[in-house]
Amino acid sequence: MPYIEFKNVVKEYEMGEVTIKALNNANFEIEKGELVVIVGPSGAGKTTALNILGGMDSVTSGKVTVDNKRVDKLKNKELIKYRREDIGFVFQFYNLVQNLTAKENVELATEICKDSLNPERVLKQVGLKNRMDNFPAQLSGGEQQRVAIARAIAKNPKLLLCDEPTGALDYKTGKQILKLLQDTAKKENMTVLIITHNAALAPMANKVISFKNGKAQNIKINEKPVPVEEIEW
Amino acid sequence: MKKALVKDTIKEIKNTYRRFISILLMALLGVGFFAGIRASSPDMLSTIDNFFKESNVYDIEVISTLGLTEQDIEELKNIKNVEQVYGTYSQDSIINIEDTESVAKILCVEEVNKPLLKEGRLPQNENECVVEPEFLESNNKKIGDKLEVEINSTTNDEGEEISFLKQKELEIVGTVESPLYISRDKGTSKLGSGKVNYYLYVNKENINATDVYTEIYIKVKDSNKYITSSKEYEDYINEVKEEIENVKQNREESRHNMLVDKATEKLEEAQKTLDDEITKAEDEFEKANQEIQSGKNQAENGQLEIDKNKKKADNQFASAQKQLNNAKSQIQSGEEELKAQEEQANRQIADAQNLKSKYQTDLSSVVKGIEEINVNYKQILEALKNPNLQENQKEGLERTKKELEKKIADLEGSRQQLESGINQIDQSIEYAKSQIETGKQKLQDSKEQLTSQENSLQSKKQTAYSEIKNAQKTIDESKEKLSQGESELKNSEQEFNEKIEEAQEELDNERTKISDIKTPTWYILDRNSNQGYTSFIQDTKSVESIGAVFPIVFFLIATLISLTSMTRMVEEERTQIGTLKALGYSRRQIASKYIIYASLACVLGGSLGMVIGCQLLPRIIWMMYSMMYKIESFVVEFNWLYSIIGLIAAYICIVGATIYASLKELTQNPAILMRPKAPKNGKRVMLERIPIIWNHLTFTRKVTVRNIFRYKKRFLMTIIGILGCTSLIVTGFGMKDSIMAIIPNQFEKVFQYDLQISIKSELGNKKKEDLLKELNQKEEIERIIETNIISGNLVKNDNKEEVQIIVPKDKSELEEIISLNNEKTKQKEDIKDDEIIITSKVAQLIGAKENDIVKIKDSDEEEKEFKVSAIVENYVGHYVYMSKDLYEKEYEKYKTNVLYVKDKDLTQDEEDRLVKEIVEKEEVSSVTSLETLMKTINDMMSSLNYVVIVLIVSAGILAFVVLYNLANVNISERIRELATIKVLGFYDKEVYNYIARETVILTIIGIILGLFAGYFLNMFILQTCEINALRFAKIVKPVSYLYSVLITIIFTLIVNIVTYFSLKKIDMIESLKSVE
């Protein structure tokens, strides 16, 4: 039994009279502690898959299992509990609470978790030791994304989901962020999923899942992932 | 306007219908409230105006203290602009039905003040009447039933007592409503309970006392052109009133002269009658006197005669006595003589007796000898008879016989001699004895004669004197009688004189009374003197004042709401604006979308508000007032003026806010606009600098605090919204509290007496004392305090207010029943000897302060200056308190006319009984019971509950719209933040709390501020619509604050529940997908 299993997942959206199939029988498996990169063109269904995995969206049909938990069967409250305890989310646009300092943004997450990590330690870990008391507006994009990552990691989740975490960042900063994610996954043995449309990033992952037309068309396993620093794109 | 933009606008409305509706609702509330409340006052005015016009209600009323005559009517008819003059009659009466006694005012059906027929028909005959519908209801009567009225007789000009009505048993033929009595309160009466309970219309034919009219009603030409109570109307009527003022004096004097003439005539007649009577009586007395005099003379004569007779009798009796005395002395001398003779005779008799006894002794020896002889003789004879006798013996016997015989014969002779001697002696003794006897007899006889003479004299004397005595007695008696008669005569003369004097005095009194006949006073009144009308007009004014304040609150909030909503909308469409701008649309074109959006919401909402407001609010307000007034049809007119003003105001507020919001964005260049707006930066708040507090806050609290300060506009809006809501509710309750508090404040705190008895002014001191004594003896009464109350005007500068001047007989006593507490310090004030105390409201109205000099203008228009020593608490009416000394110094002699009575905790029934007992006394002109007064006012004020409800409902709508709108803005503005925390795994409740905690804190702040604001708004409104005669208590009860808080919380809760579901519906994916 794999740690994460996506089996025959179908997700349909009703857009007026048209029904769009965002996922059409998607199947993949992920093992614990793997760093997975999901690639594919826009509209291929990668974000939908991530959302479903993150407990933010429901499936139309199919089976989603995370650590022996049937996520597709969870009710609203259980879903929230799942998000709260098992999932860490990193967004493209950071989604920090503007009114809270870096540390407070992390605390916002740790406040509600049982086995949370020390926010200050996590922030130190992401390299923001000196920016803890700054408001998001006072931080650069990279720094903001670090806060977002710190916020996600601090929850000590089973699964770290990142949707285009470098999409809004420049090359250098993006690289730093990816490195942070890769290091974290390795150090904490955390299962990390990163969505990107940049196929060049594929070598950094243990597993690369390529999405096309709502399906996981190609699943490639890197026996030896390349450290991000070594990847150029 | 380009097509694309129109379409865009319409789509925008569809998509953001909540925002649209909230702006629409605010416009609706603002315009609706403004137009509705503003229209209420004109609607009320139209209602009464229509009613009065239909009923042909008077413009001017003239009453006079001595009635009005036909001539008065003629004179009034000649005045310019007077169209019609109606003279009519009215009088209070008592109606007893079963056990209840009620006071009914009897009026005549006239062309003026036409009663509105509700049922049946108007009275056509003398014995018919119509009543008000309530009368039938409360007395269980129906049309066709009969009733009987009791009316005090009235005095006509000739001074005769006559009945007011011809027929007192009346058949009810219908029910009506009188335009003269639109309020439930029908004024006071001198009868019964002192309050008029009903009115009753009779046919004019039924009036008996038609000497003078009790009222004259005047319709002014073309007065119907104006709306009643409008300035134009008042001015127009005042002109005519002034004209009437001009003839007033003349008419008053003419009425006075007429009454004086009539009274003088009557008086002269009475004087003549009295004079005649005096002459007649004097004659009679003269005659009686003469009679007594002659009787006296007669008695004198009789006395003289008696005296004469007595003297004569005395003389006669004296001489008779003398004779008798002579005779007595003769008898005495006779007696003495007789005694001497008797002695002599007795001596002779004794001599004779001696002789006699010698003789008798001789005789007895003789007799003895005879007897001895006889024995011998007999022996001889015996012996002779013996035939055997010898002759010798015989002879010898014979011879002895013969010798014996001879001896016997001798002896016999001596004996005879002796016996004749004895006889002779006896005879002479006898003779002497008889001689003495005869003398004695004779003496005795004359003695007897004397005695009898004496007796007869005595009896004669007695008779004579008793006769004299009787005569004397008769005379004495008649003398007595005469003197009695004389004194009687004297008495009756005196009595008569007294009576005459009295009668004369009375006549003289009458004469002075004639000179005292006051010139009557005409009162020229207009509709403002009608209690119902005035209070109605006053109420329309209050409604108007309220209408001036409340809509402002709504407009203000509408502006703020539109400002936040539209700012938010413009912000949301920033990119689009930038795009349009980049495409080359002008600023105006771009802004027009938002302006159209806001305008549509505003005009739609405003129009709806106009219709609903103008139709609904006047009706709700009317509902409140219809409890107090009996006016049938309420006129609801669509008030274009106020509607348009309201709409324009709302338009300016809402669209103005929109323009402001859009211009702020539009001035920026497209490049900046197309970039996402930098989210509002986080900032540290003041509180963080206070570590003691900040460090003790939980994390979520810190977030809340920071968020509150982050969104200042919303912070302000929420607080204002809640503040508005709370303050409106506080005001609603506060108004009720304040107005209701007047009653206990005035009638329990200030006035502590139970009854106020007015005594008739003409009552003399004696009667007053009697009344007091009688009242004091009543068990129910604890205390009676005498005082004098007069009316006057308190004047300062140009301000004038009517006041009651209370002058207590004993100022220390007054404290027991009226508390004079300083308005500010609440300390007790004493009435000073040379200064006055005035009540707070009148002080405020005329602008007087402590130690100011004010003037009191009395009914003779005379002004006197007084110094104000203190201003005291008072809630109903205006009073001036003055000491007796000051009164006597400035005015006339002190006289009491009012009794304040404190009773001994009576039940209502007991008090009613007491009131009835007192009011029936002829000395009493009216009795007012504070208890009853309080009840009436309380009933009247129960309609205030509707004010409270209206305010609560509008406050609720306000709170809802504001909070809901804000919650929406809040959510839409922070949707990413909310989506983020949802993704982070906040439970629904936690998400809700994340937002709601802010709302709760703001609500609490809003409520607290709202309580203060409510207090001040309440004060302001009370100030604005305070009636001149009243001092509202201006309080808000603690429990009202509590209710206000609770109600606000309930409204907030409702909005929060809605918010909860909106939050639950937030789509995380959609919200996080893109940059805003």
# chains A, B, ... in the order shown; residues from 1 in each chain; ligands from 1
>>> residues_around(residues="B:Asn938", least_positions_apart="6", cutoff="10 Å", atoms="only C-alpha atoms", output="list in words")
Ile739, Met740, Ile742, Ile743 and Thr932 of chain B
>>> select_by_dssp(residues="stretch 149-340 of chain B", states="strand (DSSP E)", output="VMD selection string")
chain B and resid 149 to 150 154 to 155 161 to 162 169 to 177 198 to 202 215 to 220
>>> residues_around(residues="B:Lys832", least_positions_apart="5", cutoff="8 Å", atoms="only C-alpha atoms", output="list in words")
Ser869, Met882 and Ser883 of chain B
>>> write_last_selection(atoms="N, CA and C atoms", output="tab-separated table (two decimals), in the first residue's frame")
chain	number	residue	atom	x	y	z
B	869	SER	N	-35.91	84.34	43.86
B	869	SER	CA	-34.96	83.85	44.86
B	869	SER	C	-34.46	82.46	44.50
B	882	MET	N	-45.25	82.58	46.15
B	882	MET	CA	-45.08	83.91	46.71
B	882	MET	C	-45.55	83.85	48.16
B	883	SER	N	-44.90	84.65	49.01
B	883	SER	CA	-45.33	84.65	50.40
B	883	SER	C	-46.57	85.53	50.56
>>> closest_residue(among="A:Ile231, A:Met1, A:Val106, A:Ala199", to="chain B", atoms="only C-alpha atoms")
A:Val106
>>> interface_residues(of="chain B", to="chain A", cutoff="12 Å", atoms="only C-alpha atoms", output="ChimeraX atom specification")
/B:676,678-685,698-711,974-991,994,1064-1076
>>> write_last_selection(atoms="C-alpha atoms", output="PDB file, in the first residue's frame")
ATOM      1  CA  PRO B 676      -2.643  44.823  -8.335  1.00  0.00           C
ATOM      2  CA  ALA B 678      -0.634  46.712  -2.918  1.00  0.00           C
ATOM      3  CA  PRO B 679      -2.545  45.207  -0.096  1.00  0.00           C
ATOM      4  CA  LYS B 680      -2.919  47.348   2.873  1.00  0.00           C
ATOM      5  CA  ASN B 681       0.214  47.014   4.834  1.00  0.00           C
ATOM      6  CA  GLY B 682       0.304  45.573   8.231  1.00  0.00           C
ATOM      7  CA  LYS B 683       1.185  47.949  10.981  1.00  0.00           C
ATOM      8  CA  ARG B 684       1.886  47.735  14.615  1.00  0.00           C
ATOM      9  CA  VAL B 685      -0.786  49.203  16.742  1.00  0.00           C
ATOM     10  CA  THR B 698      -3.690  35.319  23.115  1.00  0.00           C
ATOM     11  CA  PHE B 699      -2.499  35.124  19.605  1.00  0.00           C
ATOM     12  CA  THR B 700      -5.934  35.315  18.052  1.00  0.00           C
ATOM     13  CA  ARG B 701      -6.781  38.296  20.201  1.00  0.00           C
ATOM     14  CA  LYS B 702      -3.674  40.044  18.974  1.00  0.00           C
ATOM     15  CA  VAL B 703      -4.726  39.371  15.435  1.00  0.00           C
ATOM     16  CA  THR B 704      -8.136  40.743  16.184  1.00  0.00           C
ATOM     17  CA  VAL B 705      -6.768  43.871  17.752  1.00  0.00           C
ATOM     18  CA  ARG B 706      -4.484  44.475  14.838  1.00  0.00           C
ATOM     19  CA  ASN B 707      -7.222  43.870  12.345  1.00  0.00           C
ATOM     20  CA  ILE B 708      -9.536  46.259  14.076  1.00  0.00           C
ATOM     21  CA  PHE B 709      -7.005  49.002  13.692  1.00  0.00           C
ATOM     22  CA  ARG B 710      -6.105  47.998  10.213  1.00  0.00           C
ATOM     23  CA  TYR B 711      -9.489  48.644   8.681  1.00  0.00           C
ATOM     24  CA  ARG B 974     -10.391  39.809   3.063  1.00  0.00           C
ATOM     25  CA  ILE B 975     -11.449  36.845   1.052  1.00  0.00           C
ATOM     26  CA  ARG B 976      -7.870  35.723   0.394  1.00  0.00           C
ATOM     27  CA  GLU B 977      -7.000  35.982   3.989  1.00  0.00           C
ATOM     28  CA  LEU B 978     -10.053  33.990   4.918  1.00  0.00           C
ATOM     29  CA  ALA B 979      -9.426  31.421   2.219  1.00  0.00           C
ATOM     30  CA  THR B 980      -5.865  31.117   3.472  1.00  0.00           C
ATOM     31  CA  ILE B 981      -6.854  30.404   7.018  1.00  0.00           C
ATOM     32  CA  LYS B 982      -9.426  27.976   5.756  1.00  0.00           C
ATOM     33  CA  VAL B 983      -6.709  26.207   3.853  1.00  0.00           C
ATOM     34  CA  LEU B 984      -4.608  26.269   6.970  1.00  0.00           C
ATOM     35  CA  GLY B 985      -7.366  24.202   8.484  1.00  0.00           C
ATOM     36  CA  PHE B 986      -9.386  26.651  10.569  1.00  0.00           C
ATOM     37  CA  TYR B 987     -12.687  25.141  11.462  1.00  0.00           C
ATOM     38  CA  ASP B 988     -15.775  27.057  10.326  1.00  0.00           C
ATOM     39  CA  LYS B 989     -16.288  28.287  13.811  1.00  0.00           C
ATOM     40  CA  GLU B 990     -12.725  29.452  14.068  1.00  0.00           C
ATOM     41  CA  VAL B 991     -12.995  31.258  10.760  1.00  0.00           C
ATOM     42  CA  TYR B 994     -11.604  35.228  13.348  1.00  0.00           C
ATOM     43  CA  LYS B1064     -18.795  28.858   5.163  1.00  0.00           C
ATOM     44  CA  LYS B1065     -19.497  29.316   1.503  1.00  0.00           C
ATOM     45  CA  ILE B1066     -16.151  30.894   0.709  1.00  0.00           C
ATOM     46  CA  ASP B1067     -14.492  28.923  -2.085  1.00  0.00           C
ATOM     47  CA  MET B1068     -10.856  28.494  -1.176  1.00  0.00           C
ATOM     48  CA  ILE B1069      -9.689  27.527  -4.619  1.00  0.00           C
ATOM     49  CA  GLU B1070     -11.379  30.406  -6.398  1.00  0.00           C
ATOM     50  CA  SER B1071     -10.083  32.878  -3.882  1.00  0.00           C
ATOM     51  CA  LEU B1072      -6.518  31.696  -4.036  1.00  0.00           C
ATOM     52  CA  LYS B1073      -6.349  31.122  -7.726  1.00  0.00           C
ATOM     53  CA  SER B1074      -5.339  34.531  -8.869  1.00  0.00           C
ATOM     54  CA  VAL B1075      -4.081  37.856  -7.831  1.00  0.00           C
ATOM     55  CA  GLU B1076      -6.913  40.218  -7.181  1.00  0.00           C
TER      56      GLU B1076
END
>>> atom_distance(atom1="atom CA of B:Ser41", atom2="atom CA of B:Thr540")
4.8 Å
>>> residues_around(residues="A:Pro2", least_positions_apart="4", cutoff="7 Å", atoms="only C-alpha atoms", output="list in words")
Glu29, Ile30 and Glu31 of chain A
>>> select_by_dssp(residues="stretch 807-958 of chain B", states="alpha helix (DSSP H)", output="ChimeraX atom specification")
/B:811-814,840-846,884-890,908-919,930-941,944-958
>>> closest_residue(among="A:Asp72, A:Glu143, A:Glu188, A:Glu17", to="A:Asp170", atoms="only C-alpha atoms")
A:Glu143
>>> residues_around(residues="A:Arg121", least_positions_apart="4", cutoff="12 Å", atoms="only C-alpha atoms", output="ChimeraX atom specification")
/A:103,106-107,116-117,125-130,132,150-151,153-154
>>> residues_around(residues="stretch 122-132 of chain B", least_positions_apart="2", cutoff="7 Å", atoms="only C-alpha atoms", output="list in words")
Glu134, Phe135, Gln167, Glu169, Leu170, Glu171, Ile172, Val173, Gly174, Thr175, Val176, Glu177, Tyr199, Leu200, Tyr201, Val202, Asn203, Glu205 and Asn206 of chain B
>>> atom_distance(atom1="atom CA of A:Gly62", atom2="atom CA of A:Lys220")
22.4 Å
>>> residues_around(residues="A:Lys212", least_positions_apart="2", cutoff="6 Å", atoms="only C-alpha atoms", output="list in words")
Ala44, Gly214 and Lys215 of chain A
>>> atom_distance(atom1="atom CA of B:Ser1040", atom2="atom CA of B:Gly734")
6.9 Å
>>> closest_residue(among="A:Asn213, A:Thr65, A:Ala205, A:Trp233", to="A:Lys21", atoms="only C-alpha atoms")
A:Asn213
